[in-house]
$ cat query.csv   # CSV, C-alpha atoms and all ligand atoms
chain,number,residue,atom,x,y,z
O,1347,MET,CA,59.2,141.5,62.7
O,1348,PHE,CA,55.9,140.1,61.3
O,1349,SER,CA,53.5,140.8,58.5
O,1350,GLU,CA,50.5,142.8,59.7
O,1351,ARG,CA,48.5,141.5,56.7
O,1352,PHE,CA,46.8,138.8,58.7
O,1353,SER,CA,46.7,140.6,62.0
O,1354,THR,CA,42.9,141.0,61.9
O,1355,LEU,CA,42.3,137.3,61.6
O,1356,PRO,CA,41.2,135.7,64.9
O,1357,PRO,CA,42.6,132.3,65.8
O,1358,TYR,CA,41.1,129.5,63.6
O,1359,ALA,CA,37.7,128.1,64.6
O,1360,PHE,CA,39.0,124.9,66.2
O,1361,PRO,CA,41.6,126.4,68.5
O,1362,ARG,CA,38.9,128.8,69.6
O,1363,LEU,CA,36.6,125.8,70.3
O,1364,ARG,CA,39.2,124.1,72.3
O,1365,ALA,CA,39.8,127.3,74.4
O,1366,LEU,CA,36.0,127.5,74.9
O,1367,LEU,CA,35.4,123.9,76.0
O,1368,ASP,CA,38.6,122.3,77.3
O,1369,GLY,CA,38.3,123.8,80.7
O,1370,HIS,CA,35.0,122.0,81.3
O,1371,VAL,CA,34.4,118.3,82.0
O,1372,PRO,CA,32.3,116.6,79.3
O,1373,GLY,CA,29.0,115.5,80.7
O,1374,GLY,CA,28.8,112.2,78.9
O,1375,GLU,CA,30.4,109.9,76.4
O,1376,VAL,CA,32.0,112.3,73.9
O,1377,VAL,CA,30.3,112.7,70.5
O,1378,ASN,CA,32.3,115.1,68.2
O,1379,MET,CA,30.0,116.9,65.8
O,1380,SER,CA,32.2,120.0,65.5
O,1381,ILE,CA,34.5,119.1,62.6
O,1382,GLY,CA,33.3,118.3,59.1
O,1383,GLU,CA,35.6,115.3,58.6
O,1384,PRO,CA,33.8,112.6,56.6
O,1385,GLN,CA,33.7,109.2,58.3
O,1386,HIS,CA,32.0,107.0,55.7
O,1387,PRO,CA,34.3,104.5,54.0
O,1388,PHE,CA,36.4,105.5,51.0
O,1389,PRO,CA,36.5,103.1,48.0
O,1390,PRO,CA,38.8,100.2,48.8
O,1391,PHE,CA,40.5,100.3,45.4
O,1392,VAL,CA,42.4,103.5,46.6
O,1393,THR,CA,44.6,101.4,48.9
O,1394,GLU,CA,45.3,98.8,46.2
O,1395,ILE,CA,46.3,101.5,43.7
O,1396,VAL,CA,48.5,103.4,46.1
O,1397,ALA,CA,50.3,100.1,47.0
O,1398,ARG,CA,50.6,99.1,43.3
O,1399,GLU,CA,52.0,102.5,42.3
O,1400,SER,CA,54.2,103.1,45.3
O,1401,ALA,CA,57.4,103.2,43.2
O,1402,GLY,CA,56.1,106.6,42.2
O,1403,PHE,CA,57.0,108.0,45.7
O,1404,GLY,CA,60.5,107.8,44.4
O,1405,ARG,CA,59.9,110.5,41.7
O,1406,TYR,CA,59.0,114.1,41.7
O,1407,PRO,CA,55.3,114.3,40.6
O,1408,PRO,CA,54.2,116.5,37.7
O,1409,ASN,CA,52.8,119.8,39.1
O,1410,ASP,CA,50.0,120.0,36.6
O,1411,GLY,CA,48.9,116.4,37.0
O,1412,THR,CA,49.3,113.3,34.8
O,1413,PRO,CA,47.5,113.5,31.5
O,1414,GLU,CA,45.3,110.6,32.7
O,1415,LEU,CA,44.3,112.5,35.8
O,1416,ARG,CA,43.5,115.6,33.9
O,1417,ALA,CA,41.4,113.5,31.5
O,1418,ALA,CA,39.6,112.0,34.4
O,1419,TYR,CA,38.7,115.5,35.7
O,1420,ALA,CA,37.4,116.5,32.2
O,1421,ASP,CA,35.4,113.3,31.8
O,1422,TRP,CA,33.8,113.8,35.2
O,1423,LEU,CA,32.9,117.5,34.5
O,1424,ALA,CA,31.3,116.4,31.2
O,1425,ARG,CA,29.3,113.6,32.9
O,1426,ARG,CA,28.2,115.6,35.9
O,1427,PHE,CA,27.7,119.1,34.5
O,1428,GLY,CA,27.7,118.6,30.7
O,1429,VAL,CA,30.7,120.9,30.7
O,1430,ARG,CA,33.5,120.5,28.1
O,1431,ALA,CA,36.8,121.4,29.7
O,1432,ASP,CA,40.1,121.0,27.7
O,1433,PRO,CA,42.2,118.7,29.9
O,1434,GLU,CA,45.4,120.4,28.7
O,1435,THR,CA,44.4,124.0,29.6
O,1436,GLN,CA,41.3,124.1,31.7
O,1437,VAL,CA,41.8,121.8,34.6
O,1438,MET,CA,44.5,121.2,37.2
O,1439,PRO,CA,45.0,119.3,40.4
O,1440,LEU,CA,45.1,120.8,43.8
O,1441,ASN,CA,46.4,119.5,47.1
O,1442,GLY,CA,42.8,119.7,48.4
O,1443,THR,CA,40.6,122.7,47.5
O,1444,ARG,CA,41.6,124.7,50.5
O,1445,GLU,CA,45.0,125.6,49.1
O,1446,GLY,CA,43.5,126.3,45.7
O,1447,LEU,CA,40.9,128.6,47.2
O,1448,PHE,CA,43.7,130.5,49.0
O,1449,ASP,CA,46.0,130.6,45.9
O,1450,ALA,CA,43.2,131.8,43.7
O,1451,ALA,CA,43.1,135.2,45.4
O,1452,LEU,CA,46.9,135.5,45.1
O,1453,ALA,CA,47.0,134.5,41.4
O,1454,LEU,CA,43.8,136.0,40.1
O,1455,VAL,CA,43.0,139.1,42.1
O,1456,PRO,CA,44.7,142.3,40.8
O,1457,GLU,CA,46.2,144.9,43.2
O,1458,THR,CA,43.8,147.5,42.0
O,1459,LYS,CA,40.6,147.7,39.9
O,1460,ALA,CA,39.3,150.8,38.3
O,1461,GLY,CA,42.2,152.7,40.0
O,1462,ARG,CA,41.2,151.6,43.5
O,1463,ARG,CA,42.1,148.8,45.9
O,1464,ALA,CA,40.4,145.7,44.6
O,1465,ALA,CA,37.6,144.1,46.7
O,1466,VAL,CA,36.9,140.4,47.2
O,1467,LEU,CA,33.3,139.5,48.0
O,1468,ILE,CA,32.8,136.8,50.7
O,1469,PRO,CA,29.6,135.4,52.0
O,1470,ASN,CA,29.1,135.8,55.8
O,1471,PRO,CA,29.2,133.2,57.4
O,1472,PHE,CA,31.8,131.5,55.3
O,1473,TYR,CA,34.6,128.9,55.0
O,1474,GLN,CA,37.4,130.7,56.7
O,1475,VAL,CA,40.0,130.4,54.0
O,1476,TYR,CA,38.3,133.0,51.8
O,1477,LEU,CA,39.1,135.8,54.2
O,1478,ALA,CA,42.7,134.8,54.7
O,1479,ALA,CA,43.0,134.6,50.9
O,1480,ALA,CA,41.6,138.0,50.3
O,1481,LEU,CA,43.9,139.6,53.0
O,1482,GLY,CA,46.9,137.6,51.5
O,1483,ALA,CA,46.2,139.2,48.1
O,1484,GLY,CA,46.1,142.7,49.7
O,1485,ALA,CA,42.5,143.1,48.6
O,1486,GLU,CA,39.7,144.5,50.7
O,1487,PRO,CA,37.4,141.7,51.9
O,1488,VAL,CA,33.7,142.7,51.7
O,1489,LEU,CA,31.5,140.4,53.7
O,1490,VAL,CA,28.1,139.9,52.3
O,1491,PRO,CA,25.4,138.6,54.7
O,1492,ALA,CA,24.1,135.2,53.9
O,1493,THR,CA,21.3,134.9,56.4
O,1494,ARG,CA,17.9,133.3,56.6
O,1495,GLU,CA,16.5,136.5,55.1
O,1496,THR,CA,18.7,136.1,52.0
O,1497,GLY,CA,18.0,132.3,51.7
O,1498,HIS,CA,21.5,131.7,53.3
O,1499,LEU,CA,23.2,132.9,50.1
O,1500,PRO,CA,25.0,136.2,49.7
O,1501,ASP,CA,22.7,138.8,48.2
O,1502,ILE,CA,25.5,140.3,46.0
O,1503,ALA,CA,23.0,142.3,44.0
O,1504,SER,CA,22.3,144.4,47.1
O,1505,LEU,CA,25.8,145.8,47.2
O,1506,PRO,CA,26.3,149.4,46.0
O,1507,ALA,CA,27.5,149.7,42.4
O,1508,GLU,CA,30.7,151.4,43.6
O,1509,THR,CA,31.6,148.2,45.6
O,1510,LEU,CA,30.7,145.9,42.7
O,1511,ASP,CA,32.8,148.0,40.3
O,1512,ARG,CA,35.8,147.4,42.6
O,1513,ALA,CA,35.1,143.7,43.1
O,1514,ALA,CA,37.7,141.6,41.3
O,1515,ALA,CA,36.3,138.3,42.7
O,1516,ALA,CA,33.4,136.8,44.6
O,1517,TYR,CA,33.7,133.6,46.5
O,1518,LEU,CA,30.5,131.5,46.4
O,1519,CYS,CA,30.0,128.3,48.3
O,1520,SER,CA,27.2,126.2,47.0
O,1521,PRO,CA,26.2,123.9,48.6
O,1522,ALA,CA,27.1,126.2,51.4
O,1523,ASN,CA,29.1,125.4,54.4
O,1524,PRO,CA,27.7,126.0,57.0
O,1525,GLN,CA,24.1,126.5,56.0
O,1526,GLY,CA,23.5,123.7,53.4
O,1527,ALA,CA,21.9,126.2,51.0
O,1528,VAL,CA,22.1,125.6,47.3
O,1529,ALA,CA,22.4,128.3,44.6
O,1530,GLY,CA,19.7,127.3,42.0
O,1531,ARG,CA,19.8,128.1,38.3
O,1532,ASP,CA,18.1,131.5,38.8
O,1533,ASP,CA,20.6,132.5,41.5
O,1534,TRP,CA,23.4,131.5,39.2
O,1535,ARG,CA,21.9,133.4,36.2
O,1536,ALA,CA,21.6,136.6,38.3
O,1537,LEU,CA,25.1,136.2,39.7
O,1538,LEU,CA,26.7,135.6,36.4
O,1539,ALA,CA,24.8,138.6,34.8
O,1540,LEU,CA,26.1,140.8,37.7
O,1541,ALA,CA,29.7,139.5,37.3
O,1542,GLU,CA,29.5,140.3,33.6
O,1543,ARG,CA,28.1,143.7,34.2
O,1544,HIS,CA,30.7,144.6,36.9
O,1545,ASP,CA,33.5,142.5,35.6
O,1546,PHE,CA,34.4,140.2,38.5
O,1547,ARG,CA,35.3,136.6,38.6
O,1548,ILE,CA,33.4,134.0,40.6
O,1549,LEU,CA,35.5,131.6,42.7
O,1550,SER,CA,33.0,128.8,43.0
O,1551,ASP,CA,33.6,126.5,45.9
O,1552,GLU,CA,31.6,123.4,44.9
O,1553,CYS,CA,33.3,120.9,47.2
O,1554,TYR,CA,29.9,119.7,48.6
O,1555,SER,CA,28.3,119.4,45.2
O,1556,GLU,CA,27.9,115.6,45.3
O,1557,ILE,CA,26.3,115.5,48.7
O,1558,TYR,CA,22.7,116.5,48.0
O,1559,ARG,CA,19.3,115.4,48.9
O,1560,ASP,CA,17.2,115.5,45.7
O,1561,ALA,CA,18.4,117.3,42.6
O,1562,PRO,CA,22.1,117.7,41.8
O,1563,PRO,CA,23.1,121.3,42.4
O,1564,PRO,CA,24.1,123.2,39.3
O,1565,GLY,CA,27.8,124.2,38.9
O,1566,GLY,CA,29.2,127.5,38.0
O,1567,LEU,CA,30.9,126.4,34.7
O,1568,GLU,CA,27.7,124.6,33.7
O,1569,MET,CA,25.7,127.8,34.2
O,1570,ALA,CA,28.3,129.9,32.4
O,1571,ALA,CA,28.1,127.5,29.4
O,1572,GLU,CA,24.3,127.6,29.5
O,1573,MET,CA,24.3,131.4,29.4
O,1574,GLY,CA,27.1,131.7,26.8
O,1575,VAL,CA,29.3,133.4,29.4
O,1576,ASP,CA,33.1,133.1,28.9
O,1577,PRO,CA,34.5,130.3,31.2
O,1578,GLU,CA,37.1,132.8,32.4
O,1579,ARG,CA,34.3,134.3,34.6
O,1580,VAL,CA,34.3,131.2,36.8
O,1581,VAL,CA,36.8,129.0,38.5
O,1582,ALA,CA,35.1,125.9,40.0
O,1583,PHE,CA,36.8,124.0,42.9
O,1584,HIS,CA,36.0,120.3,43.4
O,1585,SER,CA,37.4,117.8,45.9
O,1586,LEU,CA,37.5,114.2,46.8
O,1587,SER,CA,37.4,115.0,50.5
O,1588,LYS,CA,33.6,115.0,50.8
O,1589,ARG,CA,32.5,113.3,47.5
O,1590,SER,CA,34.6,110.2,48.2
O,1591,ASN,CA,35.4,110.4,51.9
O,1592,LEU,CA,39.1,111.1,51.3
O,1593,PRO,CA,40.0,114.2,53.2
O,1594,GLY,CA,43.4,112.8,54.0
O,1595,LEU,CA,44.3,112.1,50.3
O,1596,ARG,CA,44.5,115.9,49.8
O,1597,SER,CA,43.1,115.7,46.4
O,1598,GLY,CA,41.1,118.5,44.8
O,1599,MET,CA,41.0,120.1,41.4
O,1600,LEU,CA,40.0,123.3,39.7
O,1601,ALA,CA,38.5,124.0,36.4
O,1602,GLY,CA,38.0,127.3,34.6
O,1603,GLY,CA,39.1,129.4,31.6
O,1604,PRO,CA,42.6,128.7,30.1
O,1605,ARG,CA,44.0,132.1,31.2
O,1606,ALA,CA,43.0,131.7,34.8
O,1607,VAL,CA,44.2,128.1,34.9
O,1608,ALA,CA,47.6,129.2,33.4
O,1609,ARG,CA,48.0,131.8,36.2
O,1610,MET,CA,47.2,129.2,38.8
O,1611,LYS,CA,49.6,126.7,37.3
O,1612,GLN,CA,52.3,129.2,37.3
O,1613,LEU,CA,51.8,130.1,41.0
O,1614,ARG,CA,51.7,126.5,42.0
O,1615,ALA,CA,54.8,125.7,40.0
O,1616,TYR,CA,56.6,128.1,42.3
O,1617,GLY,CA,54.9,127.6,45.6
O,1618,GLY,CA,52.5,124.7,45.5
O,1619,ALA,CA,52.9,121.1,46.6
O,1620,PRO,CA,52.2,118.7,43.8
O,1621,LEU,CA,50.2,115.5,44.5
O,1622,PRO,CA,52.4,112.4,44.9
O,1623,LEU,CA,52.2,110.2,41.8
O,1624,PRO,CA,50.6,107.2,43.5
O,1625,LEU,CA,47.9,109.5,44.9
O,1626,GLN,CA,47.3,111.0,41.4
O,1627,ARG,CA,46.9,107.5,40.1
O,1628,ALA,CA,44.4,106.7,42.9
O,1629,ALA,CA,42.5,110.0,42.4
O,1630,GLU,CA,42.1,109.2,38.7
O,1631,ALA,CA,40.2,106.0,39.5
O,1632,VAL,CA,38.1,107.7,42.2
O,1633,TRP,CA,36.9,110.5,39.8
O,1634,ALA,CA,36.0,107.8,37.3
O,1635,ASP,CA,33.8,105.9,39.7
O,1636,GLU,CA,30.3,107.0,40.7
O,1637,THR,CA,29.0,103.9,42.5
O,1638,HIS,CA,30.7,104.8,45.8
O,1639,VAL,CA,29.4,108.4,45.4
O,1640,GLU,CA,25.9,107.2,45.1
O,1641,GLU,CA,26.3,105.0,48.2
O,1642,ASN,CA,27.8,107.9,50.1
O,1643,ARG,CA,24.9,110.1,49.1
O,1644,ALA,CA,22.4,107.5,50.3
O,1645,ARG,CA,24.1,107.4,53.7
O,1646,TYR,CA,23.8,111.2,54.0
O,1647,ARG,CA,20.1,111.0,52.9
O,1648,ALA,CA,19.5,108.7,55.8
O,1649,LYS,CA,21.2,111.2,58.1
O,1650,TYR,CA,19.0,114.1,56.9
O,1651,ALA,CA,16.0,111.9,57.7
O,1652,VAL,CA,17.3,111.2,61.2
O,1653,ALA,CA,17.8,114.9,61.8
O,1654,ASP,CA,14.3,115.7,60.5
O,1655,GLU,CA,12.8,113.0,62.7
O,1656,ILE,CA,14.6,114.2,65.9
O,1657,LEU,CA,14.8,118.0,65.4
O,1658,GLY,CA,12.1,118.6,62.8
O,1659,ASP,CA,9.7,120.5,65.2
O,1660,ILE,CA,12.2,122.7,66.9
O,1661,PRO,CA,11.6,126.4,66.3
O,1662,GLY,CA,13.4,127.7,63.2
O,1663,TYR,CA,14.7,124.2,62.1
O,1664,GLU,CA,15.7,124.2,58.5
O,1665,SER,CA,16.5,120.8,56.9
O,1666,PRO,CA,19.6,121.3,54.7
O,1667,ALA,CA,19.2,120.9,50.9
O,1668,ALA,CA,22.8,119.6,50.7
O,1669,GLY,CA,26.1,119.2,52.5
O,1670,PHE,CA,26.4,117.5,55.9
O,1671,PHE,CA,25.9,120.3,58.4
O,1672,LEU,CA,22.9,121.4,60.4
O,1673,TRP,CA,22.8,125.1,61.0
O,1674,LEU,CA,20.7,125.3,64.1
O,1675,PRO,CA,19.2,128.5,65.5
O,1676,VAL,CA,19.9,129.0,69.2
O,1677,GLU,CA,19.9,131.9,71.5
O,1678,ASP,CA,23.7,132.2,71.9
O,1679,GLY,CA,25.9,129.8,70.0
O,1680,GLU,CA,28.8,129.9,72.4
O,1681,ALA,CA,26.6,129.4,75.4
O,1682,ALA,CA,24.8,126.5,73.7
O,1683,ALA,CA,28.2,124.8,72.8
O,1684,VAL,CA,29.4,125.0,76.4
O,1685,LYS,CA,26.0,123.6,77.7
O,1686,LEU,CA,26.0,120.7,75.2
O,1687,TRP,CA,29.6,119.8,76.2
O,1688,ARG,CA,29.0,120.1,79.9
O,1689,GLU,CA,25.7,118.3,80.0
O,1690,ALA,CA,26.1,115.7,77.2
O,1691,GLY,CA,29.7,115.5,76.0
O,1692,LEU,CA,28.5,116.8,72.7
O,1693,ARG,CA,31.0,118.9,70.7
O,1694,VAL,CA,29.5,121.4,68.3
O,1695,LEU,CA,30.8,124.6,66.8
O,1696,PRO,CA,29.4,128.1,67.7
O,1697,GLY,CA,28.2,129.7,64.5
O,1698,ALA,CA,30.0,133.0,65.4
O,1699,TYR,CA,33.4,131.3,64.8
O,1700,LEU,CA,32.4,130.9,61.1
O,1701,ALA,CA,31.3,134.5,60.6
O,1702,ARG,CA,32.4,138.1,61.3
O,1703,ASP,CA,30.7,141.1,62.9
O,1704,THR,CA,30.8,143.8,60.3
O,1705,GLY,CA,29.0,146.3,62.5
O,1706,ALA,CA,25.5,144.9,62.3
O,1707,GLY,CA,26.3,142.0,64.7
O,1708,ASN,CA,27.8,138.6,63.9
O,1709,PRO,CA,25.3,136.7,61.7
O,1710,GLY,CA,26.5,133.4,63.1
O,1711,ALA,CA,26.1,134.3,66.7
O,1712,GLY,CA,22.6,132.8,67.1
O,1713,PHE,CA,23.6,129.4,65.6
O,1714,ILE,CA,25.5,126.3,66.2
O,1715,ARG,CA,26.9,124.1,63.4
O,1716,VAL,CA,26.5,120.4,63.8
O,1717,ALA,CA,28.4,118.1,61.5
O,1718,MET,CA,26.4,114.9,60.6
O,1719,VAL,CA,29.5,112.8,59.9
O,1720,ALA,CA,29.4,110.3,62.8
O,1721,PRO,CA,28.0,106.8,62.2
O,1722,GLU,CA,24.2,106.7,62.3
O,1723,ASP,CA,24.0,105.3,65.8
O,1724,ASP,CA,26.2,108.0,67.2
O,1725,LEU,CA,24.5,110.6,65.2
O,1726,ARG,CA,21.1,109.6,66.6
O,1727,ARG,CA,22.4,109.6,70.1
O,1728,GLY,CA,24.1,113.0,69.6
O,1729,LEU,CA,21.0,114.6,68.1
O,1730,LYS,CA,18.8,113.2,70.8
O,1731,SER,CA,21.0,114.7,73.5
O,1732,LEU,CA,21.2,117.9,71.6
O,1733,ARG,CA,17.4,118.1,71.6
O,1734,ARG,CA,17.2,117.1,75.3
O,1735,VAL,CA,19.8,119.7,76.4
O,1736,LEU,CA,18.6,122.7,74.4
O,1737,TRP,CA,14.9,122.1,73.7
O,1738,THR,CA,13.3,120.4,76.7
Q,1,LIG,C1,33.4,124.9,52.1
Q,1,LIG,C2,34.7,124.2,52.0
Q,1,LIG,N1,35.5,124.4,51.0
Q,1,LIG,C3,36.7,123.8,50.9
Q,1,LIG,C4,37.1,122.9,51.9
Q,1,LIG,C5,38.4,122.2,51.8
Q,1,LIG,O1,38.4,120.9,51.5
Q,1,LIG,P1,39.6,120.1,50.9
Q,1,LIG,O2,40.8,121.0,51.1
Q,1,LIG,O3,39.7,118.9,51.8
Q,1,LIG,O4,39.4,119.8,49.5
Q,1,LIG,C6,36.2,122.6,53.0
Q,1,LIG,C7,36.6,121.6,54.0
Q,1,LIG,O5,36.1,121.5,55.0
Q,1,LIG,C8,35.0,123.3,53.0
Q,1,LIG,O6,34.1,123.0,54.0
$ encode --input "query.csv" --output "structure tokens" --more "lines below"
Ligand SMILES: Cc1ncc(COP(=O)(O)O)c(C=O)c1O
Amino acid sequence: MFSERFSTLPPYAFPRLRALLDGHVPGGEVVNMSIGEPQHPFPPFVTEIVARESAGFGRYPPNDGTPELRAAYADWLARRFGVRADPETQVMPLNGTREGLFDAALALVPETKAGRRAAVLIPNPFYQVYLAAALGAGAEPVLVPATRETGHLPDIASLPAETLDRAAAAYLCSPANPQGAVAGRDDWRALLALAERHDFRILSDECYSEIYRDAPPPGGLEMAAEMGVDPERVVAFHSLSKRSNLPGLRSGMLAGGPRAVARMKQLRAYGGAPLPLPLQRAAEAVWADETHVEENRARYRAKYAVADEILGDIPGYESPAAGFFLWLPVEDGEAAAVKLWREAGLRVLPGAYLARDTGAGNPGAGFIRVAMVAPEDDLRRGLKSLRRVLWT
């Protein structure tokens, strides 16, 4: 006997990629550009702190984070976004944002809204956790196209009023994975006004917020404060995975209104995995340091420049505003991924694996996602073979 709740989910993107490619022999030295796993160095003080604090592995860690860690979150939110968040009631640690994004639907989305099944709005393409989360909560996932025509952001205002009235939450990913689009201040103003009018909460996945090219992307809580909107409207998710190259630390956090945070704390107290104490101590120092973040950003800036130099003139190329992915238009993403693997040993992800067909075709089908995480030499080699295989 199994739950049917998740039966509409296909296998996750990476098993699908293995099934697609692993029967073929790679046509060159392998360069993996499929997974968004940061490879720049993380700050060396992390190792020192974990070693120094290792006695903490002998204790159960506090679920809600040490006071020092929560203060570090609040300080960072104030420095980066000018947002004042109460460290007692408005921030909490997460074992990476993925679990927080999942739990948020369970903790915050009601069974019904306005007497009908609640809806959860999800951009399409999207980070796959949002869909599993909506299904887990028993809500109806409503996929909103985020295509070139909509500036790669979901045009939530185009939904019928009936759907918006049923919406309990909208996931927004800015900077967006996979497209690298950033919701600007006007986008945020329009979205918050819509959320106020139709009474839904914005689950704002900001885990790429520190990897940007020119201007720092605005955050949801920042924009809510600027507009005088109740912070309960937004839950913002942040992570050390991309900001600080620490995906293995499993250290994220969320910030929002006290009522939403209390619900999340309660759910995590029952079912969540708290962050081990030595890792909380390390995270505290990482949030307090911006030098390594600036260095990291400079490395990605150099990578955007390499991508522009090698691919800038291919048809439909869009240089990302932020994040570390290229979202490249091709005829057929799966066919392109197989060709790149067979002819160059290059591993990229077909865009269709990050999107769903809702009847009007899969909006990711004509794309591949290329992660610019490899060291610059490998990146250069990889992008050159990509160009050679697909565009010469
Ligand atoms: C858009 C997006 N959100 C959230 C995450 C989860 O990151 P983490 O759980 O490492 O904080 C990822 C990781 O790839 C991501 O791409």
$ residues_near_ligand --input "query.csv" --ligand "ligand LIG 1 (chain Q)" --cutoff "10 Å" --atoms "all atoms listed in the file" --output "JSON, numbers by chain"
{"O": [1381, 1382, 1383, 1384, 1440, 1441, 1442, 1443, 1444, 1445, 1446, 1447, 1448, 1472, 1473, 1474, 1475, 1476, 1518, 1519, 1520, 1521, 1522, 1523, 1524, 1550, 1551, 1552, 1553, 1554, 1583, 1584, 1585, 1586, 1587, 1588, 1589, 1591, 1592, 1593, 1594, 1595, 1596, 1597, 1598, 1599, 1669, 1670, 1671]}
$ residues_around --input "query.csv" --residues "O:Pro1564" --least-positions-apart "2" --cutoff "10 Å" --atoms "only C-alpha atoms" --output "list of chain:residue names"
O:Arg1426, O:Phe1427, O:Ser1520, O:Pro1521, O:Val1528, O:Ala1529, O:Gly1530, O:Arg1531, O:Trp1534, O:Glu1552, O:Ser1555, O:Ala1561, O:Pro1562, O:Gly1566, O:Leu1567, O:Glu1568, O:Met1569
$ residues_around --input "query.csv" --residues "O:Asp1576" --least-positions-apart "4" --cutoff "8 Å" --atoms "only C-alpha atoms" --output "compact mmCIF listing (two decimals) with C-alpha atoms, keeping the file's coordinate frame"
# COMPACT_ATOMS: atom_id res chain seq x y z
CA ALA O 1570 28.30 129.90 32.40
CA ALA O 1571 28.10 127.50 29.40
CA GLY O 1603 39.10 129.40 31.60
$ atom_distance --input "query.csv" --atom1 "atom CA of O:Leu1549" --atom2 "atom CA of O:Ala1515"
6.7 Å
$ closest_residue --input "query.csv" --among "O:Ala1536, O:Leu1692, O:Ala1717, O:Val1581" --to "O:Glu1375" --atoms "only C-alpha atoms"
O:Leu1692
$ residues_around --input "query.csv" --residues "O:Gly1402" --least-positions-apart "5" --cutoff "12 Å" --atoms "only C-alpha atoms" --output "PDB file with C-alpha atoms, in the frame of the given file"
ATOM      1  CA  ILE O1395      46.300 101.500  43.700  1.00  0.00           C
ATOM      2  CA  VAL O1396      48.500 103.400  46.100  1.00  0.00           C
ATOM      3  CA  ALA O1397      50.300 100.100  47.000  1.00  0.00           C
ATOM      4  CA  PRO O1407      55.300 114.300  40.600  1.00  0.00           C
ATOM      5  CA  PRO O1408      54.200 116.500  37.700  1.00  0.00           C
ATOM      6  CA  LEU O1621      50.200 115.500  44.500  1.00  0.00           C
ATOM      7  CA  PRO O1622      52.400 112.400  44.900  1.00  0.00           C
ATOM      8  CA  LEU O1623      52.200 110.200  41.800  1.00  0.00           C
ATOM      9  CA  PRO O1624      50.600 107.200  43.500  1.00  0.00           C
ATOM     10  CA  LEU O1625      47.900 109.500  44.900  1.00  0.00           C
ATOM     11  CA  GLN O1626      47.300 111.000  41.400  1.00  0.00           C
ATOM     12  CA  ARG O1627      46.900 107.500  40.100  1.00  0.00           C
ATOM     13  CA  ALA O1628      44.400 106.700  42.900  1.00  0.00           C
TER      14      ALA O1628
END
